[in-house]
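Quick look at work_30.cif (mmCIF, C-alpha atoms and all ligand atoms):
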data_upload
#
loop_
_atom_site.label_atom_id
_atom_site.label_comp_id
_atom_site.auth_asym_id
_atom_site.auth_seq_id
_atom_site.Cartn_x
_atom_site.Cartn_y
_atom_site.Cartn_z
CA MET A 1253 23.81 -21.71 9.59
CA SER A 1254 24.53 -18.00 10.06
CA GLU A 1255 21.79 -15.74 11.35
CA GLY A 1256 21.34 -14.14 7.92
CA THR A 1257 21.08 -17.51 6.18
CA ALA A 1258 18.46 -18.72 8.64
CA ARG A 1259 16.43 -15.54 8.20
CA THR A 1260 16.71 -15.82 4.39
CA ALA A 1261 15.38 -19.38 4.56
CA GLU A 1262 12.51 -18.31 6.81
CA LEU A 1263 11.57 -15.35 4.61
CA ALA A 1264 11.84 -17.47 1.45
CA GLU A 1265 9.50 -20.08 2.90
CA ARG A 1266 6.93 -17.55 4.15
CA LEU A 1267 7.07 -15.57 0.90
CA ALA A 1268 6.54 -18.75 -1.15
CA ALA A 1269 3.55 -19.73 1.02
CA VAL A 1270 1.92 -16.31 0.55
CA LYS A 1271 2.56 -16.39 -3.21
CA GLN A 1272 0.95 -19.84 -3.32
CA ARG A 1273 -2.13 -18.48 -1.53
CA ILE A 1274 -2.29 -15.58 -3.99
CA GLU A 1275 -2.02 -17.90 -7.00
CA SER A 1276 -4.72 -20.24 -5.69
CA ALA A 1277 -7.09 -17.41 -4.82
CA THR A 1278 -6.53 -15.73 -8.18
CA ALA A 1279 -7.23 -18.97 -10.04
CA GLU A 1280 -10.31 -19.67 -7.91
CA ALA A 1281 -11.63 -16.18 -8.60
CA GLY A 1282 -11.40 -16.95 -12.33
CA ARG A 1283 -8.88 -14.18 -12.84
CA GLY A 1284 -6.57 -16.43 -14.87
CA ASP A 1285 -2.93 -15.68 -14.31
CA GLU A 1286 -3.48 -11.96 -13.85
CA LEU A 1287 -1.78 -11.87 -10.45
CA PRO A 1288 -2.22 -8.86 -8.17
CA THR A 1289 0.86 -6.88 -7.21
CA LEU A 1290 2.31 -8.07 -3.92
CA ILE A 1291 3.48 -5.24 -1.66
CA VAL A 1292 5.43 -6.58 1.30
CA VAL A 1293 4.71 -4.32 4.30
CA THR A 1294 8.02 -4.12 6.15
CA LYS A 1295 7.14 -1.61 8.90
CA PHE A 1296 8.98 -2.18 12.20
CA HIS A 1297 11.26 -4.76 10.55
CA PRO A 1298 14.89 -3.89 9.87
CA ALA A 1299 16.41 -2.81 6.56
CA THR A 1300 18.41 -6.06 6.56
CA ASP A 1301 15.13 -7.97 6.09
CA ILE A 1302 14.22 -5.78 3.13
CA ARG A 1303 17.61 -6.48 1.57
CA LEU A 1304 17.00 -10.22 1.91
CA LEU A 1305 13.50 -9.85 0.44
CA ALA A 1306 14.89 -7.91 -2.52
CA ALA A 1307 17.33 -10.76 -3.16
CA LEU A 1308 14.31 -13.10 -3.15
CA GLY A 1309 12.74 -11.05 -5.95
CA VAL A 1310 10.51 -8.64 -3.99
CA ARG A 1311 10.17 -5.32 -5.85
CA ASP A 1312 7.41 -3.52 -3.92
CA VAL A 1313 7.59 -2.72 -0.22
CA GLY A 1314 5.22 -0.81 2.07
CA GLU A 1315 5.84 1.38 5.11
CA ASN A 1316 3.49 3.42 7.29
CA ARG A 1317 5.70 5.98 9.04
CA ASP A 1318 7.68 8.60 7.17
CA GLN A 1319 10.68 8.69 9.46
CA GLU A 1320 11.21 4.94 9.27
CA ALA A 1321 10.45 4.76 5.55
CA SER A 1322 12.74 7.61 4.56
CA SER A 1323 15.72 6.21 6.41
CA LYS A 1324 15.20 2.70 5.03
CA ALA A 1325 14.71 4.05 1.50
CA ALA A 1326 17.92 6.07 1.75
CA GLU A 1327 19.87 3.09 3.06
CA LEU A 1328 18.51 0.77 0.35
CA ALA A 1329 18.50 3.27 -2.52
CA GLY A 1330 20.62 1.01 -4.73
CA LEU A 1331 18.09 -1.84 -4.79
CA GLY A 1332 15.61 -0.18 -7.16
CA LEU A 1333 12.60 -0.94 -4.94
CA ASN A 1334 9.19 0.69 -5.27
CA TRP A 1335 8.28 2.27 -1.91
CA HIS A 1336 4.56 2.36 -1.09
CA PHE A 1337 3.43 4.65 1.71
CA VAL A 1338 0.40 3.02 3.37
CA GLY A 1339 -0.08 4.91 6.66
CA GLN A 1340 -1.85 8.07 7.74
CA LEU A 1341 0.07 10.99 6.33
CA GLN A 1342 0.37 14.50 7.72
CA SER A 1343 0.58 17.16 5.01
CA LYS A 1344 3.82 18.50 6.46
CA LYS A 1345 5.43 15.13 5.62
CA ALA A 1346 4.59 15.42 1.91
CA LYS A 1347 7.98 16.90 1.09
CA SER A 1348 9.81 13.97 2.64
CA VAL A 1349 7.55 11.32 1.12
CA ALA A 1350 8.00 12.84 -2.36
CA LYS A 1351 11.71 12.02 -2.16
CA TYR A 1352 11.29 8.25 -2.04
CA ALA A 1353 7.70 7.12 -2.57
CA HIS A 1354 6.52 5.47 -5.76
CA ALA A 1355 2.94 5.40 -4.41
CA VAL A 1356 0.83 6.77 -1.57
CA HIS A 1357 -2.13 4.55 -0.62
CA SER A 1358 -3.62 6.74 2.07
CA ILE A 1359 -4.88 9.90 0.39
CA ASP A 1360 -7.97 10.96 2.30
CA ARG A 1361 -8.38 14.75 1.97
CA PRO A 1362 -7.85 17.66 -0.45
CA GLY A 1363 -5.23 19.31 1.77
CA LEU A 1364 -2.97 16.31 1.39
CA VAL A 1365 -3.38 16.38 -2.40
CA GLU A 1366 -2.24 20.01 -2.40
CA GLY A 1367 0.78 19.21 -0.24
CA LEU A 1368 1.80 16.27 -2.41
CA GLU A 1369 1.28 18.18 -5.65
CA ARG A 1370 3.64 20.93 -4.48
CA ALA A 1371 6.18 18.45 -3.12
CA ILE A 1372 6.24 16.29 -6.25
CA ALA A 1373 6.60 19.34 -8.50
CA ALA A 1374 9.67 20.44 -6.52
CA GLU A 1375 11.10 16.93 -6.56
CA GLN A 1376 10.47 16.51 -10.31
CA GLU A 1377 12.34 19.74 -10.92
CA ARG A 1378 15.21 18.55 -8.77
CA THR A 1379 15.50 14.90 -9.89
CA GLY A 1380 13.14 14.35 -12.80
CA ARG A 1381 11.30 11.68 -10.85
CA GLY A 1382 8.13 10.12 -12.29
CA ALA A 1383 4.55 10.80 -11.26
CA LEU A 1384 3.39 9.68 -7.82
CA GLN A 1385 0.83 6.86 -7.92
CA CYS A 1386 -2.09 7.92 -5.74
CA PHE A 1387 -4.72 5.73 -4.08
CA ILE A 1388 -7.73 7.26 -2.33
CA GLN A 1389 -8.18 5.53 1.01
CA VAL A 1390 -11.86 4.86 1.62
CA SER A 1391 -13.38 4.32 5.04
CA LEU A 1392 -15.65 1.27 4.96
CA ASP A 1393 -16.80 1.83 8.53
CA ASP A 1394 -20.20 3.11 9.50
CA ASP A 1395 -19.12 3.09 13.11
CA ALA A 1396 -16.71 5.88 14.03
CA GLY A 1397 -15.63 3.82 17.06
CA THR A 1398 -13.76 1.31 14.90
CA HIS A 1399 -12.62 3.86 12.34
CA ARG A 1400 -9.45 2.78 10.51
CA GLY A 1401 -8.92 5.93 8.45
CA GLY A 1402 -9.93 7.10 5.01
CA ALA A 1403 -12.39 9.35 3.22
CA ALA A 1404 -16.11 8.66 3.45
CA PRO A 1405 -17.48 7.08 0.24
CA ASP A 1406 -19.29 10.30 -0.75
CA GLU A 1407 -16.03 12.23 -0.48
CA VAL A 1408 -14.35 10.02 -3.08
CA PRO A 1409 -15.67 11.63 -6.32
CA PRO A 1410 -14.56 15.22 -5.54
CA LEU A 1411 -11.23 13.97 -4.19
CA ALA A 1412 -10.72 11.91 -7.35
CA ASP A 1413 -11.43 14.93 -9.57
CA ARG A 1414 -8.96 16.99 -7.57
CA LEU A 1415 -6.29 14.26 -7.87
CA ALA A 1416 -6.90 13.70 -11.57
CA ALA A 1417 -6.33 17.42 -12.18
CA ALA A 1418 -3.10 17.56 -10.17
CA ASP A 1419 0.23 17.76 -11.97
CA GLY A 1420 2.69 15.02 -11.10
CA LEU A 1421 0.06 12.90 -9.35
CA GLU A 1422 -1.54 9.92 -11.03
CA LEU A 1423 -4.92 8.73 -9.78
CA ALA A 1424 -4.36 4.96 -9.50
CA GLY A 1425 -7.54 3.92 -7.73
CA VAL A 1426 -8.86 3.15 -4.25
CA MET A 1427 -7.50 1.58 -1.09
CA ALA A 1428 -9.15 0.27 2.07
CA VAL A 1429 -8.49 -1.64 5.25
CA ALA A 1430 -11.31 -4.02 6.14
CA PRO A 1431 -13.05 -2.91 9.35
CA LEU A 1432 -12.45 -5.04 12.43
CA GLY A 1433 -15.12 -7.40 13.63
CA VAL A 1434 -17.10 -7.86 10.41
CA PRO A 1435 -16.57 -10.36 7.56
CA PRO A 1436 -14.10 -8.81 5.09
CA GLU A 1437 -16.20 -9.95 2.11
CA ALA A 1438 -18.89 -7.32 2.83
CA ALA A 1439 -16.24 -4.60 3.09
CA PHE A 1440 -14.43 -5.59 -0.10
CA GLU A 1441 -17.69 -5.88 -2.01
CA LYS A 1442 -18.48 -2.30 -1.01
CA LEU A 1443 -15.00 -1.22 -2.09
CA ALA A 1444 -15.46 -2.92 -5.47
CA ALA A 1445 -18.67 -0.92 -6.01
CA ILE A 1446 -16.91 2.34 -5.08
CA SER A 1447 -14.11 1.42 -7.48
CA ALA A 1448 -16.59 0.76 -10.30
CA SER A 1449 -18.17 4.21 -9.80
CA LEU A 1450 -14.72 5.79 -9.84
CA VAL A 1451 -13.66 3.98 -13.02
CA ALA A 1452 -16.87 5.13 -14.74
CA VAL A 1453 -15.59 8.72 -14.42
CA HIS A 1454 -11.82 8.08 -14.45
CA PRO A 1455 -11.31 5.03 -16.71
CA SER A 1456 -7.62 4.55 -15.92
CA ALA A 1457 -8.10 4.54 -12.13
CA THR A 1458 -8.62 0.79 -11.98
CA ALA A 1459 -6.37 -0.14 -9.07
CA ILE A 1460 -7.84 -1.62 -5.87
CA SER A 1461 -5.41 -1.82 -2.94
CA ALA A 1462 -6.99 -4.26 -0.50
CA GLY A 1463 -6.08 -7.43 1.30
CA MET A 1464 -3.70 -8.02 4.19
CA SER A 1465 -2.37 -11.22 5.74
CA GLN A 1466 -5.72 -12.26 7.20
CA ASP A 1467 -8.01 -11.44 4.31
CA LEU A 1468 -6.07 -11.57 1.05
CA GLU A 1469 -8.27 -14.34 -0.42
CA ALA A 1470 -11.45 -12.29 0.13
CA ALA A 1471 -9.78 -9.21 -1.36
CA ILE A 1472 -8.74 -11.13 -4.47
CA ARG A 1473 -12.28 -12.46 -4.88
CA PHE A 1474 -13.50 -8.84 -4.99
CA GLY A 1475 -10.94 -7.60 -7.50
CA ALA A 1476 -7.90 -6.46 -5.51
CA THR A 1477 -5.05 -5.46 -7.82
CA HIS A 1478 -2.58 -4.63 -5.01
CA LEU A 1479 -2.15 -6.67 -1.81
CA ARG A 1480 -0.40 -5.29 1.29
CA ILE A 1481 1.03 -8.22 3.22
CA GLY A 1482 3.12 -7.84 6.37
CA SER A 1483 3.05 -10.38 9.17
CA ASP A 1484 2.48 -13.53 7.13
CA ILE A 1485 5.78 -12.86 5.35
CA LEU A 1486 7.89 -11.16 8.03
CA GLY A 1487 6.43 -12.69 11.18
CA SER A 1488 4.90 -10.75 14.02
CA ARG A 1489 6.07 -7.18 14.31
CA PRO A 1490 8.59 -6.34 17.03
CA ALA A 1491 7.00 -4.29 19.83
CA VAL A 1492 7.05 -0.56 19.13
CA GLY A 1493 9.51 1.28 21.32
C1 LIG B 1501 0.51 -3.08 8.57
C2 LIG B 1501 -0.37 -2.84 7.40
C3 LIG B 1501 -0.63 -3.87 6.48
C4 LIG B 1501 -0.08 -5.28 6.63
O1 LIG B 1501 -0.85 -5.97 7.59
P1 LIG B 1501 -0.58 -7.51 7.95
O2 LIG B 1501 -1.80 -7.88 8.71
O3 LIG B 1501 0.65 -7.53 8.78
O4 LIG B 1501 -0.44 -8.26 6.70
C5 LIG B 1501 -1.42 -3.56 5.39
N1 LIG B 1501 -1.96 -2.33 5.22
C6 LIG B 1501 -1.74 -1.32 6.09
C7 LIG B 1501 -2.37 -0.01 5.84
C8 LIG B 1501 -0.96 -1.55 7.21
O5 LIG B 1501 -0.75 -0.54 8.07
#

This entry written out as structure tokens:
Amino acid sequence: MSEGTARTAELAERLAAVKQRIESATAEAGRGDELPTLIVVTKFHPATDIRLLAALGVRDVGENRDQEASSKAAELAGLGLNWHFVGQLQSKKAKSVAKYAHAVHSIDRPGLVEGLERAIAAEQERTGRGALQCFIQVSLDDDAGTHRGGAAPDEVPPLADRLAAADGLELAGVMAVAPLGVPPEAAFEKLAAISASLVAVHPSATAISAGMSQDLEAAIRFGATHLRIGSDILGSRPAVG
């Protein structure tokens, strides 16, 4: 077997196992066959893996660093993938992200909304691209020591209003990473409550981006609509250089 064939077989098997877990958890949660969107987080893995995943039917991929994401997106432009930006984002990177991203999951402050609004407007003028799907990342940590990014819960309503008023940006919903060292259920339950308050004011902002390799079942139980799965599909990430 060639190297590419072996990797395809490995990715196919891991992808099928994750899809099986998603289907079981969705059925167990009584959500019928309303499957959440699977975003395969490909950070640190090569573009060749993403090409193989696309051939296996993957449509949504996630990245967390602009430099890596922009070069992969340029190389794989012909595949028609949706690129989801899931990492901390500096405002000065907004212009670059606007060129390839379908969604940004890590919006945590008004300054970033302003940067993205300007960048998307310029990009829409240039290419006619669609609106950017925007998720507000919420911090579910009380303890700053284990902080994994995001706006505090009380910062969500004003940020949502700002996003909803922005041209070219579409308020999709909320995103969170479960804090380390506590059961994910408590975190995702809190996120579901924050989502419900958001939807009460912005009825179309129903998306909940939650759930990674370790906790996707818990996230589905608490209403996740978008899952961000990396290592259980691609294997452990190569060491960062
Ligand atoms: C890396 C990453 C993921 C994927 O995590 P796995 O544990 O590898 O599934 C999901 N969300 C964010 C924000 C990430 O940075």

Inset, instruction - Considering all atoms listed in the file, return as a PyMOL selection string whatever protein or nucleic-acid residues lie within 10 Å of A:Ala1412, sequence-local ones (same chain, fewer than 6 positions apart) excluded. - result: chain A and resi 1359+1362+1365+1386-1388+1418+1423-1426+1450+1453-1454+1457

Output file for the selection above: C-alpha atoms, as a JSON list (two decimals), in the coordinates of the input:
[["chain", "number", "residue", "atom", "x", "y", "z"],
["A", 1359, "ILE", "CA", -4.88, 9.90, 0.39],
["A", 1362, "PRO", "CA", -7.85, 17.66, -0.45],
["A", 1365, "VAL", "CA", -3.38, 16.38, -2.40],
["A", 1386, "CYS", "CA", -2.09, 7.92, -5.74],
["A", 1387, "PHE", "CA", -4.72, 5.73, -4.08],
["A", 1388, "ILE", "CA", -7.73, 7.26, -2.33],
["A", 1418, "ALA", "CA", -3.10, 17.56, -10.17],
["A", 1423, "LEU", "CA", -4.92, 8.73, -9.78],
["A", 1424, "ALA", "CA", -4.36, 4.96, -9.50],
["A", 1425, "GLY", "CA", -7.54, 3.92, -7.73],
["A", 1426, "VAL", "CA", -8.86, 3.15, -4.25],
["A", 1450, "LEU", "CA", -14.72, 5.79, -9.84],
["A", 1453, "VAL", "CA", -15.59, 8.72, -14.42],
["A", 1454, "HIS", "CA", -11.82, 8.08, -14.45],
["A", 1457, "ALA", "CA", -8.10, 4.54, -12.13]]

Legend entry - Long-range neighbours of A:Ala1325 as a PyMOL selection string, 9 Å cut-off, all atoms listed in the file, 6 positions minimum in chain: chain A and resi 1299+1333+1335+1352-1353

Since we have the selection now, will you write its residues out, keeping C-alpha atoms, as an mmCIF file, in the frame of the given file?
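So result.cif came out as:
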data_model
loop_
_atom_site.group_PDB
_atom_site.id
_atom_site.type_symbol
_atom_site.label_atom_id
_atom_site.label_comp_id
_atom_site.auth_asym_id
_atom_site.auth_seq_id
_atom_site.Cartn_x
_atom_site.Cartn_y
_atom_site.Cartn_z
ATOM 1 C CA ALA A 1299 16.410 -2.810 6.560
ATOM 2 C CA LEU A 1333 12.600 -0.940 -4.940
ATOM 3 C CA TRP A 1335 8.280 2.270 -1.910
ATOM 4 C CA TYR A 1352 11.290 8.250 -2.040
ATOM 5 C CA ALA A 1353 7.700 7.120 -2.570
#

Legend entry - Polymer residues at most 6 Å from stretch 1434-1440 of chain A, all atoms listed in the file, same-chain spacing of 2 or more positions, as a PyMOL selection string: chain A and resi 1430+1432+1442-1443+1470+1474

Since we have the selection now, will you write its residues out, keeping C-alpha atoms, as a tab-separated table (two decimals), in the frame of the given file?
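selection-v2.tsv was written with the following content:
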chain	number	residue	atom	x	y	z
A	1430	ALA	CA	-11.31	-4.02	6.14
A	1432	LEU	CA	-12.45	-5.04	12.43
A	1442	LYS	CA	-18.48	-2.30	-1.01
A	1443	LEU	CA	-15.00	-1.22	-2.09
A	1470	ALA	CA	-11.45	-12.29	0.13
A	1474	PHE	CA	-13.50	-8.84	-4.99

Legend entry - Top pick for closest residue to ligand LIG 1501 (chain B), considering A:Arg1317, A:Arg1480, A:Arg1473, A:Lys1324 and counting all atoms listed in the file: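 Using all atoms listed in the file, ligand LIG 1501 (chain B) sits closest to A:Arg1480.
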
Taking only C-alpha atoms and all ligand atoms and a cut-off of 6 Å, can you tell me which residues surround ligand LIG 1501 (chain B), written as a PDB file with C-alpha atoms, keeping the file's coordinate frame?
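That gives us result10.pdb:
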ATOM      1  CA  VAL A1293       4.710  -4.320   4.300  1.00  0.00           C
ATOM      2  CA  ASN A1316       3.490   3.420   7.290  1.00  0.00           C
ATOM      3  CA  VAL A1338       0.400   3.020   3.370  1.00  0.00           C
ATOM      4  CA  GLY A1339      -0.080   4.910   6.660  1.00  0.00           C
ATOM      5  CA  MET A1464      -3.700  -8.020   4.190  1.00  0.00           C
ATOM      6  CA  SER A1465      -2.370 -11.220   5.740  1.00  0.00           C
ATOM      7  CA  ARG A1480      -0.400  -5.290   1.290  1.00  0.00           C
ATOM      8  CA  ILE A1481       1.030  -8.220   3.220  1.00  0.00           C
ATOM      9  CA  GLY A1482       3.120  -7.840   6.370  1.00  0.00           C
ATOM     10  CA  SER A1483       3.050 -10.380   9.170  1.00  0.00           C
TER      11      SER A1483
END

Legend entry - Of the listed residues A:Ser1358, A:Ala1476, A:Gly1284, A:Asp1484, that which approaches A:Leu1267 most closely, counting only C-alpha atoms: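 Between A:Ser1358, A:Ala1476, A:Gly1284, A:Asp1484, the residue approaching A:Leu1267 most closely is A:Asp1484.
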
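Shell of A:Ala1350 at 7 Å, with only C-alpha atoms counted and residues fewer than 4 places along the chain excluded, is Ala1346, Ala1371, Ile1372 and Glu1375 of chain A.
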
Legend entry - Residue contacts of A:Lys1344 (12 Å, only C-alpha atoms) excluding same-chain residues fewer than 3 positions away, as a VMD selection string: chain A and resid 1318 1340 to 1341 1347 to 1350 1363 to 1368 1370 to 1371

Output C-alpha atoms for every residue in the selection just made, as a PDB file, in the frame of the given file.
ATOM      1  CA  ASP A1318       7.680   8.600   7.170  1.00  0.00           C
ATOM      2  CA  GLN A1340      -1.850   8.070   7.740  1.00  0.00           C
ATOM      3  CA  LEU A1341       0.070  10.990   6.330  1.00  0.00           C
ATOM      4  CA  LYS A1347       7.980  16.900   1.090  1.00  0.00           C
ATOM      5  CA  SER A1348       9.810  13.970   2.640  1.00  0.00           C
ATOM      6  CA  VAL A1349       7.550  11.320   1.120  1.00  0.00           C
ATOM      7  CA  ALA A1350       8.000  12.840  -2.360  1.00  0.00           C
ATOM      8  CA  GLY A1363      -5.230  19.310   1.770  1.00  0.00           C
ATOM      9  CA  LEU A1364      -2.970  16.310   1.390  1.00  0.00           C
ATOM     10  CA  VAL A1365      -3.380  16.380  -2.400  1.00  0.00           C
ATOM     11  CA  GLU A1366      -2.240  20.010  -2.400  1.00  0.00           C
ATOM     12  CA  GLY A1367       0.780  19.210  -0.240  1.00  0.00           C
ATOM     13  CA  LEU A1368       1.800  16.270  -2.410  1.00  0.00           C
ATOM     14  CA  ARG A1370       3.640  20.930  -4.480  1.00  0.00           C
ATOM     15  CA  ALA A1371       6.180  18.450  -3.120  1.00  0.00           C
TER      16      ALA A1371
END

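Counting only C-alpha atoms, the residue from A:Glu1275, A:Glu1327, A:Glu1255, A:Glu1265 that sits nearest to A:Leu1287 is A:Glu1275.
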
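For the pair atom CA of A:Gly1463 and atom CA of A:Ser1391, the interatomic distance is 14.3 Å.
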
Legend entry - Minimum-distance residue to A:Lys1351, chosen among A:Arg1381, A:Arg1259, A:Lys1271, A:Arg1311 (using all atoms listed in the file): A:Arg1381

Legend entry - Counting all atoms listed in the file, the residue of A:Thr1458, A:Arg1361, A:Asp1285, A:Val1310 that sits nearest A:Leu1411: A:Arg1361

Inset, instruction - Just give me the gap between atom CA of A:Asn1334 and atom CA of A:His1354 in Å, one decimal is fine. - result: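 Between atom CA of A:Asn1334 and atom CA of A:His1354 the gap is 5.5 Å.
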
Inset, instruction - Compare A:Gly1282, A:Arg1273, A:Asp1393, A:Arg1303 by their minimum atom-to-atom distance to A:Thr1260, counting only C-alpha atoms, and give me the closest one. - result: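 That would be A:Arg1303, the residue with the smallest distance to A:Thr1260.
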
Inset, instruction - Record the distance separating atom CA of A:Ala1279 and atom CA of A:Ile1472, expressed in Å with one decimal. - result: 9.7 Å

Would you fill the gaps in stretch 1428-1436 of chain A so it has all heavy atoms, then print it as a PDB file, in the coordinates of the input?
ATOM      1  N   ALA A1428      -8.422   0.359   0.799  1.00  0.00           N
ATOM      2  CA  ALA A1428      -9.150   0.270   2.070  1.00  0.00           C
ATOM      3  C   ALA A1428      -8.550  -0.806   2.954  1.00  0.00           C
ATOM      4  O   ALA A1428      -7.871  -1.714   2.494  1.00  0.00           O
ATOM      5  CB  ALA A1428     -10.633  -0.026   1.839  1.00  0.00           C
ATOM      6  N   VAL A1429      -8.803  -0.635   4.238  1.00  0.00           N
ATOM      7  CA  VAL A1429      -8.490  -1.640   5.250  1.00  0.00           C
ATOM      8  C   VAL A1429      -9.847  -2.161   5.723  1.00  0.00           C
ATOM      9  O   VAL A1429     -10.724  -1.371   6.070  1.00  0.00           O
ATOM     10  CB  VAL A1429      -7.733  -0.997   6.433  1.00  0.00           C
ATOM     11  CG1 VAL A1429      -7.469  -2.023   7.524  1.00  0.00           C
ATOM     12  CG2 VAL A1429      -6.428  -0.367   5.951  1.00  0.00           C
ATOM     13  N   ALA A1430     -10.032  -3.470   5.701  1.00  0.00           N
ATOM     14  CA  ALA A1430     -11.310  -4.020   6.140  1.00  0.00           C
ATOM     15  C   ALA A1430     -11.544  -3.685   7.607  1.00  0.00           C
ATOM     16  O   ALA A1430     -10.634  -3.810   8.419  1.00  0.00           O
ATOM     17  CB  ALA A1430     -11.336  -5.534   5.925  1.00  0.00           C
ATOM     18  N   PRO A1431     -12.765  -3.232   7.943  1.00  0.00           N
ATOM     19  CA  PRO A1431     -13.050  -2.910   9.350  1.00  0.00           C
ATOM     20  C   PRO A1431     -12.912  -4.152  10.231  1.00  0.00           C
ATOM     21  O   PRO A1431     -13.123  -5.272   9.772  1.00  0.00           O
ATOM     22  CB  PRO A1431     -14.518  -2.449   9.318  1.00  0.00           C
ATOM     23  CG  PRO A1431     -14.829  -2.172   7.895  1.00  0.00           C
ATOM     24  CD  PRO A1431     -13.915  -3.013   7.073  1.00  0.00           C
ATOM     25  N   LEU A1432     -12.569  -3.942  11.476  1.00  0.00           N
ATOM     26  CA  LEU A1432     -12.450  -5.040  12.430  1.00  0.00           C
ATOM     27  C   LEU A1432     -13.838  -5.567  12.783  1.00  0.00           C
ATOM     28  O   LEU A1432     -14.812  -4.828  12.796  1.00  0.00           O
ATOM     29  CB  LEU A1432     -11.774  -4.535  13.718  1.00  0.00           C
ATOM     30  CG  LEU A1432     -10.331  -4.070  13.581  1.00  0.00           C
ATOM     31  CD1 LEU A1432      -9.894  -3.326  14.838  1.00  0.00           C
ATOM     32  CD2 LEU A1432      -9.411  -5.244  13.301  1.00  0.00           C
ATOM     33  N   GLY A1433     -13.910  -6.849  13.047  1.00  0.00           N
ATOM     34  CA  GLY A1433     -15.120  -7.400  13.630  1.00  0.00           C
ATOM     35  C   GLY A1433     -16.269  -7.669  12.674  1.00  0.00           C
ATOM     36  O   GLY A1433     -17.368  -7.993  13.108  1.00  0.00           O
ATOM     37  N   VAL A1434     -16.057  -7.482  11.374  1.00  0.00           N
ATOM     38  CA  VAL A1434     -17.100  -7.860  10.410  1.00  0.00           C
ATOM     39  C   VAL A1434     -16.428  -8.701   9.315  1.00  0.00           C
ATOM     40  O   VAL A1434     -15.219  -8.583   9.096  1.00  0.00           O
ATOM     41  CB  VAL A1434     -17.791  -6.629   9.765  1.00  0.00           C
ATOM     42  CG1 VAL A1434     -18.542  -5.823  10.812  1.00  0.00           C
ATOM     43  CG2 VAL A1434     -16.790  -5.745   9.035  1.00  0.00           C
ATOM     44  N   PRO A1435     -17.193  -9.555   8.624  1.00  0.00           N
ATOM     45  CA  PRO A1435     -16.570 -10.360   7.560  1.00  0.00           C
ATOM     46  C   PRO A1435     -15.966  -9.443   6.489  1.00  0.00           C
ATOM     47  O   PRO A1435     -16.626  -8.495   6.062  1.00  0.00           O
ATOM     48  CB  PRO A1435     -17.730 -11.179   6.986  1.00  0.00           C
ATOM     49  CG  PRO A1435     -18.840 -11.069   7.974  1.00  0.00           C
ATOM     50  CD  PRO A1435     -18.629  -9.790   8.738  1.00  0.00           C
ATOM     51  N   PRO A1436     -14.736  -9.693   6.074  1.00  0.00           N
ATOM     52  CA  PRO A1436     -14.100  -8.810   5.090  1.00  0.00           C
ATOM     53  C   PRO A1436     -14.820  -8.793   3.742  1.00  0.00           C
ATOM     54  O   PRO A1436     -14.745  -7.805   3.015  1.00  0.00           O
ATOM     55  CB  PRO A1436     -12.683  -9.377   4.957  1.00  0.00           C
ATOM     56  CG  PRO A1436     -12.742 -10.774   5.483  1.00  0.00           C
ATOM     57  CD  PRO A1436     -13.839 -10.793   6.496  1.00  0.00           C
TER      58      PRO A1436
END
